[in-house]
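Here the structure is laid out as structure tokens; the discussion comes afterwards.
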Amino acid sequence: MKELYPKKGRVILHVDMNSFYASVEMAYDSELKGKPLAIAGNPEERRGIIVTCSYEARKFGVKTTMPLWEAKKLCPELIIKKPDFDKYRTASAAMFDILRQYTELVEPVSIDEGYLDITHCADLGAPLEIAGSIQKRILEQLDLPCSIGVAPNKFLAKTASDMKKPMGITVLRKRDIPQVLWPLEAGEMHGVGTKTADKLKTIGIHSIGNLAKANDIQLKALLGINGLRLKDRANGLDNRLVDPESVYDFKSIGNSTTLPRDLSNQHELLKVLDRLSEQVAARMKRKEAVATTLSIMIRFKDRKTITRSQKLENPVSKKDEIASAAKALFLKHWNGDSVRLLGITGTDLLEADKAVKQLDLFSYEQDAKKEPLLNTMSQLREKYGKSIIESAGLQAKKNSHKESSGPGTSFNKDFLQNRRRNEDKDL
């Protein structure tokens, strides 16, 4: 099997979820499958914009960023749903959890796409077998389609994943570049936007092949260092590593598992929640974070899926705290039917050293005794900087972080930053 892997190079996968928001809605409501569906920012107004749409809608010419009135004109039967980012985050966390079961070298780049470095995964099979396994598991366990690019670097893997949608697996090697990429217009290359493509045309660069052979001095004068970087990409050169810690603006940390068999025994299901809580707690520790909202996902035997969330009185990060909240939510909303999948996600995250506990009757006296010490520490931090004094627990987290290699679930979409979750919201 090792013969199928390069001796010196790398094998990178880019997993790109197909029409993610629309696909998640279909996974939650099977009656939407096969129908033209669009997720729109404000369905009540004609000025609403299409955020994404199903492939059935695209056949009518409906596109992302299209005004809602225009989309409805093209497709009168178009079904419109408001975005539910809480639901999408939950599905994303479950998707990345599956990816991390293949390798720890997983780099999320947005809520619906990420890179994997499988260079040292020969024991799991050939690269195409691993890609096929990932695609199959995401479809079977989450009912979500994805496309996967297989290549020696991140740029080519990203390019490859775009070549066949939905449910494609595409291999792109450096030797394929002259025939596959160079004939394409420069504007079709990943990383080249409309404005950049227009600038390139002013110096006679119309195709990716033109860019690959362009004059370095001209490129740098036109686009700065980014011009030379784009030329490297056009020649298939990209030395960026898959970095699990590259995204710090994370908004959720979760874990889910598909059960080996359908379970209806309450004791066994609670034990599964214990295991998930331990995994989520470990990730929170690595990220030095606490959660102020907790969600659980339950997929039943008939594939019906529900997600329930609750705003917590005090932030949680330890296994027992997470398990207690998750079990309470589960027992409140489980109807007794057999369960196929369980998931726990902590959201509305805070940095551990910034979390403020809501004092209650039982903790007030204990916390009050610490107040003089906390005031002194605060004064020292203001004078000498926030890192001058750290709690033993936080220092232990940092030491643990240096020694550990597994990432938490991280997402950096701007639209996730200001979204606030409603208590006990049915996703």
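Ordering of the structure tokens sets the chain letters (A, B, ...); residue numbers start at 1 within each chain; ligands are numbered from 1 in the order shown.
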
For Ala151 (chain A): contacts at 12 Å, only C-alpha atoms, fewer than 3 positions along chain excluded, given as a ChimeraX atom specification: /A:5-6,9-15,115-119,127-128,131,148,154-161,169-177,236-238

Atom pair CA of Asp143 (chain A) / CA of Ser23 (chain A): separation (Å): 8.1 Å

Region 221-279 of chain A near region 95-108 of chain A within 6 Å: what's each residue's closest atom pair and its distance in Å to one decimal, counting only C-alpha atoms, ordered by chain then ascending residue number, as a tab-separated table?
residue	atom	partner	partner_atom	distance
A:Val242	CA	A:Glu107	CA	5.8
A:Asp243	CA	A:Glu107	CA	5.5
A:Pro244	CA	A:Glu107	CA	4.5
A:Asn255	CA	A:Asp97	CA	5.9

Surrounding residues of Lys63 (chain A) excluding itself and chain neighbours under 6 positions, 8 Å, only C-alpha atoms, as a list in words: Ile50, Thr52, Cys53 and Ala71 of chain A

Please produce an output containing N, CA and C atoms for each residue in the selection, written as an mmCIF file, in the first residue's frame.
data_model
loop_
_atom_site.group_PDB
_atom_site.id
_atom_site.type_symbol
_atom_site.label_atom_id
_atom_site.label_comp_id
_atom_site.auth_asym_id
_atom_site.auth_seq_id
_atom_site.Cartn_x
_atom_site.Cartn_y
_atom_site.Cartn_z
ATOM 1 N N ILE A 50 -30.203 35.208 -2.201
ATOM 2 C CA ILE A 50 -29.994 33.773 -2.104
ATOM 3 C C ILE A 50 -28.622 33.497 -1.484
ATOM 4 N N THR A 52 -27.552 30.226 -0.606
ATOM 5 C CA THR A 52 -27.162 29.040 -1.362
ATOM 6 C C THR A 52 -28.436 28.361 -1.830
ATOM 7 N N CYS A 53 -28.280 27.395 -2.736
ATOM 8 C CA CYS A 53 -29.460 26.706 -3.246
ATOM 9 C C CYS A 53 -29.099 25.280 -3.623
ATOM 10 N N ALA A 71 -34.845 34.968 -8.526
ATOM 11 C CA ALA A 71 -34.825 33.511 -8.393
ATOM 12 C C ALA A 71 -36.234 32.941 -8.531
#

Selection near region 211-218 of chain A, 6 Å with only C-alpha atoms, sequence-local residues under 3 positions removed, as a VMD selection string: chain A and resid 205 208 221 231 234 to 235

Selected residue, from A:Asp16, A:Asn239, A:Tyr55, A:Val316, that lies nearest to Ile134 (chain A) when counting only C-alpha atoms: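 Going through A:Asp16, A:Asn239, A:Tyr55, A:Val316 one by one, the smallest distance to Ile134 (chain A) is for A:Asp16.
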
Of the listed residues A:Ile130, A:Leu74, A:Ala325, A:Ala281, that which approaches Ser295 (chain A) most closely, counting only C-alpha atoms: A:Ala325

Quick one: residues within 9 Å of Leu270 (chain A), only C-alpha atoms, excluding same-chain residues fewer than 4 positions away - as a PDB file with N, CA and C atoms, in the first residue's frame?
ATOM      1  N   ASN A 265     -31.801   1.436  24.963  1.00  0.00           N
ATOM      2  CA  ASN A 265     -31.547   1.263  26.389  1.00  0.00           C
ATOM      3  C   ASN A 265     -31.014   2.572  26.973  1.00  0.00           C
ATOM      4  N   GLN A 266     -31.737   3.144  27.911  1.00  0.00           N
ATOM      5  CA  GLN A 266     -31.365   4.450  28.456  1.00  0.00           C
ATOM      6  C   GLN A 266     -29.986   4.431  29.088  1.00  0.00           C
ATOM      7  N   ASP A 274     -21.596  10.099  28.145  1.00  0.00           N
ATOM      8  CA  ASP A 274     -20.415  10.246  29.003  1.00  0.00           C
ATOM      9  C   ASP A 274     -19.140  10.268  28.163  1.00  0.00           C
ATOM     10  N   ARG A 275     -19.044   9.334  27.226  1.00  0.00           N
ATOM     11  CA  ARG A 275     -17.846   9.264  26.382  1.00  0.00           C
ATOM     12  C   ARG A 275     -17.712  10.507  25.507  1.00  0.00           C
ATOM     13  N   ALA A 323     -21.417  16.518  30.745  1.00  0.00           N
ATOM     14  CA  ALA A 323     -22.263  15.321  30.769  1.00  0.00           C
ATOM     15  C   ALA A 323     -23.582  15.587  31.482  1.00  0.00           C
ATOM     16  N   LYS A 327     -27.008  15.193  29.461  1.00  0.00           N
ATOM     17  CA  LYS A 327     -27.958  14.154  29.868  1.00  0.00           C
ATOM     18  C   LYS A 327     -29.322  14.747  30.191  1.00  0.00           C
ATOM     19  N   PHE A 330     -30.962  15.489  26.957  1.00  0.00           N
ATOM     20  CA  PHE A 330     -31.342  14.250  26.283  1.00  0.00           C
ATOM     21  C   PHE A 330     -32.605  13.646  26.898  1.00  0.00           C
TER      22      PHE A 330
END

Just asking: which residues within region 265-344 of chain A are alpha helix (DSSP H) according to DSSP, as a PDB file with N, CA and C atoms, in the first residue's frame?
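The resulting result-v3.pdb:
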ATOM      1  N   GLN A 266     -31.737   3.144  27.911  1.00  0.00           N
ATOM      2  CA  GLN A 266     -31.365   4.450  28.456  1.00  0.00           C
ATOM      3  C   GLN A 266     -29.986   4.431  29.088  1.00  0.00           C
ATOM      4  N   HIS A 267     -29.665   3.400  29.845  1.00  0.00           N
ATOM      5  CA  HIS A 267     -28.368   3.315  30.520  1.00  0.00           C
ATOM      6  C   HIS A 267     -27.220   3.342  29.506  1.00  0.00           C
ATOM      7  N   GLU A 268     -27.369   2.583  28.421  1.00  0.00           N
ATOM      8  CA  GLU A 268     -26.318   2.551  27.405  1.00  0.00           C
ATOM      9  C   GLU A 268     -26.192   3.888  26.689  1.00  0.00           C
ATOM     10  N   LEU A 269     -27.313   4.534  26.418  1.00  0.00           N
ATOM     11  CA  LEU A 269     -27.275   5.826  25.743  1.00  0.00           C
ATOM     12  C   LEU A 269     -26.608   6.891  26.615  1.00  0.00           C
ATOM     13  N   LEU A 270     -26.866   6.838  27.910  1.00  0.00           N
ATOM     14  CA  LEU A 270     -26.223   7.795  28.818  1.00  0.00           C
ATOM     15  C   LEU A 270     -24.723   7.548  28.897  1.00  0.00           C
ATOM     16  N   LYS A 271     -24.305   6.287  28.781  1.00  0.00           N
ATOM     17  CA  LYS A 271     -22.871   5.976  28.766  1.00  0.00           C
ATOM     18  C   LYS A 271     -22.213   6.559  27.512  1.00  0.00           C
ATOM     19  N   VAL A 272     -22.921   6.534  26.398  1.00  0.00           N
ATOM     20  CA  VAL A 272     -22.402   7.146  25.173  1.00  0.00           C
ATOM     21  C   VAL A 272     -22.219   8.650  25.372  1.00  0.00           C
ATOM     22  N   LEU A 273     -23.191   9.285  26.026  1.00  0.00           N
ATOM     23  CA  LEU A 273     -23.072  10.723  26.306  1.00  0.00           C
ATOM     24  C   LEU A 273     -21.893  11.013  27.220  1.00  0.00           C
ATOM     25  N   ASP A 274     -21.596  10.099  28.145  1.00  0.00           N
ATOM     26  CA  ASP A 274     -20.415  10.246  29.003  1.00  0.00           C
ATOM     27  C   ASP A 274     -19.140  10.268  28.163  1.00  0.00           C
ATOM     28  N   ARG A 275     -19.044   9.334  27.226  1.00  0.00           N
ATOM     29  CA  ARG A 275     -17.846   9.264  26.382  1.00  0.00           C
ATOM     30  C   ARG A 275     -17.712  10.507  25.507  1.00  0.00           C
ATOM     31  N   LEU A 276     -18.821  10.950  24.935  1.00  0.00           N
ATOM     32  CA  LEU A 276     -18.781  12.157  24.120  1.00  0.00           C
ATOM     33  C   LEU A 276     -18.387  13.376  24.948  1.00  0.00           C
ATOM     34  N   SER A 277     -18.905  13.448  26.175  1.00  0.00           N
ATOM     35  CA  SER A 277     -18.580  14.576  27.062  1.00  0.00           C
ATOM     36  C   SER A 277     -17.092  14.612  27.359  1.00  0.00           C
ATOM     37  N   GLU A 278     -16.501  13.459  27.532  1.00  0.00           N
ATOM     38  CA  GLU A 278     -15.060  13.392  27.809  1.00  0.00           C
ATOM     39  C   GLU A 278     -14.257  13.904  26.617  1.00  0.00           C
ATOM     40  N   GLN A 279     -14.685  13.547  25.415  1.00  0.00           N
ATOM     41  CA  GLN A 279     -13.985  14.000  24.214  1.00  0.00           C
ATOM     42  C   GLN A 279     -14.149  15.503  24.004  1.00  0.00           C
ATOM     43  N   VAL A 280     -15.349  16.012  24.225  1.00  0.00           N
ATOM     44  CA  VAL A 280     -15.589  17.452  24.071  1.00  0.00           C
ATOM     45  C   VAL A 280     -14.792  18.233  25.123  1.00  0.00           C
ATOM     46  N   ALA A 281     -14.752  17.719  26.338  1.00  0.00           N
ATOM     47  CA  ALA A 281     -13.988  18.373  27.409  1.00  0.00           C
ATOM     48  C   ALA A 281     -12.512  18.440  27.060  1.00  0.00           C
ATOM     49  N   ALA A 282     -11.979  17.361  26.482  1.00  0.00           N
ATOM     50  CA  ALA A 282     -10.561  17.344  26.098  1.00  0.00           C
ATOM     51  C   ALA A 282     -10.276  18.405  25.038  1.00  0.00           C
ATOM     52  N   ARG A 283     -11.191  18.577  24.106  1.00  0.00           N
ATOM     53  CA  ARG A 283     -10.992  19.581  23.062  1.00  0.00           C
ATOM     54  C   ARG A 283     -11.099  20.998  23.634  1.00  0.00           C
ATOM     55  N   MET A 284     -12.018  21.186  24.569  1.00  0.00           N
ATOM     56  CA  MET A 284     -12.123  22.499  25.200  1.00  0.00           C
ATOM     57  C   MET A 284     -10.847  22.836  25.967  1.00  0.00           C
ATOM     58  N   LYS A 285     -10.276  21.811  26.585  1.00  0.00           N
ATOM     59  CA  LYS A 285      -9.043  22.024  27.330  1.00  0.00           C
ATOM     60  C   LYS A 285      -7.919  22.452  26.395  1.00  0.00           C
ATOM     61  N   ARG A 286      -7.831  21.777  25.245  1.00  0.00           N
ATOM     62  CA  ARG A 286      -6.785  22.130  24.281  1.00  0.00           C
ATOM     63  C   ARG A 286      -6.977  23.545  23.748  1.00  0.00           C
ATOM     64  N   LYS A 287      -8.239  23.957  23.579  1.00  0.00           N
ATOM     65  CA  LYS A 287      -8.532  25.282  23.038  1.00  0.00           C
ATOM     66  C   LYS A 287      -8.623  26.358  24.119  1.00  0.00           C
ATOM     67  N   LYS A 319     -15.642  17.472  31.985  1.00  0.00           N
ATOM     68  CA  LYS A 319     -16.446  16.344  31.531  1.00  0.00           C
ATOM     69  C   LYS A 319     -17.745  16.211  32.324  1.00  0.00           C
ATOM     70  N   ASP A 320     -17.670  16.244  33.641  1.00  0.00           N
ATOM     71  CA  ASP A 320     -18.867  16.048  34.467  1.00  0.00           C
ATOM     72  C   ASP A 320     -19.902  17.144  34.226  1.00  0.00           C
ATOM     73  N   GLU A 321     -19.431  18.387  34.057  1.00  0.00           N
ATOM     74  CA  GLU A 321     -20.349  19.498  33.822  1.00  0.00           C
ATOM     75  C   GLU A 321     -21.063  19.333  32.477  1.00  0.00           C
ATOM     76  N   ILE A 322     -20.276  18.969  31.459  1.00  0.00           N
ATOM     77  CA  ILE A 322     -20.834  18.790  30.120  1.00  0.00           C
ATOM     78  C   ILE A 322     -21.821  17.623  30.112  1.00  0.00           C
ATOM     79  N   ALA A 323     -21.417  16.518  30.745  1.00  0.00           N
ATOM     80  CA  ALA A 323     -22.263  15.321  30.769  1.00  0.00           C
ATOM     81  C   ALA A 323     -23.582  15.587  31.482  1.00  0.00           C
ATOM     82  N   SER A 324     -23.513  16.318  32.596  1.00  0.00           N
ATOM     83  CA  SER A 324     -24.724  16.610  33.360  1.00  0.00           C
ATOM     84  C   SER A 324     -25.727  17.404  32.523  1.00  0.00           C
ATOM     85  N   ALA A 325     -25.244  18.439  31.842  1.00  0.00           N
ATOM     86  CA  ALA A 325     -26.126  19.266  31.022  1.00  0.00           C
ATOM     87  C   ALA A 325     -26.646  18.487  29.815  1.00  0.00           C
ATOM     88  N   ALA A 326     -25.767  17.701  29.190  1.00  0.00           N
ATOM     89  CA  ALA A 326     -26.160  16.943  28.001  1.00  0.00           C
ATOM     90  C   ALA A 326     -27.205  15.884  28.341  1.00  0.00           C
ATOM     91  N   LYS A 327     -27.008  15.193  29.461  1.00  0.00           N
ATOM     92  CA  LYS A 327     -27.958  14.154  29.868  1.00  0.00           C
ATOM     93  C   LYS A 327     -29.322  14.747  30.191  1.00  0.00           C
ATOM     94  N   ALA A 328     -29.307  15.898  30.845  1.00  0.00           N
ATOM     95  CA  ALA A 328     -30.582  16.540  31.182  1.00  0.00           C
ATOM     96  C   ALA A 328     -31.353  16.910  29.917  1.00  0.00           C
ATOM     97  N   LEU A 329     -30.641  17.440  28.917  1.00  0.00           N
ATOM     98  CA  LEU A 329     -31.267  17.785  27.654  1.00  0.00           C
ATOM     99  C   LEU A 329     -31.791  16.536  26.948  1.00  0.00           C
ATOM    100  N   PHE A 330     -30.962  15.489  26.957  1.00  0.00           N
ATOM    101  CA  PHE A 330     -31.342  14.250  26.283  1.00  0.00           C
ATOM    102  C   PHE A 330     -32.605  13.646  26.898  1.00  0.00           C
ATOM    103  N   LEU A 331     -32.615  13.513  28.217  1.00  0.00           N
ATOM    104  CA  LEU A 331     -33.757  12.893  28.887  1.00  0.00           C
ATOM    105  C   LEU A 331     -35.028  13.725  28.727  1.00  0.00           C
ATOM    106  N   LYS A 332     -34.852  15.027  28.575  1.00  0.00           N
ATOM    107  CA  LYS A 332     -36.010  15.907  28.410  1.00  0.00           C
ATOM    108  C   LYS A 332     -36.653  15.736  27.037  1.00  0.00           C
ATOM    109  N   HIS A 333     -35.830  15.424  26.027  1.00  0.00           N
ATOM    110  CA  HIS A 333     -36.330  15.442  24.656  1.00  0.00           C
ATOM    111  C   HIS A 333     -36.326  14.076  23.963  1.00  0.00           C
TER     112      HIS A 333
END

Among the residues A:Ser19, A:Thr345, A:Asn210, A:Thr292, the one that comes closest to Arg58 (chain A) [using only C-alpha atoms]: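 That would be A:Ser19, the residue with the smallest distance to Arg58 (chain A).
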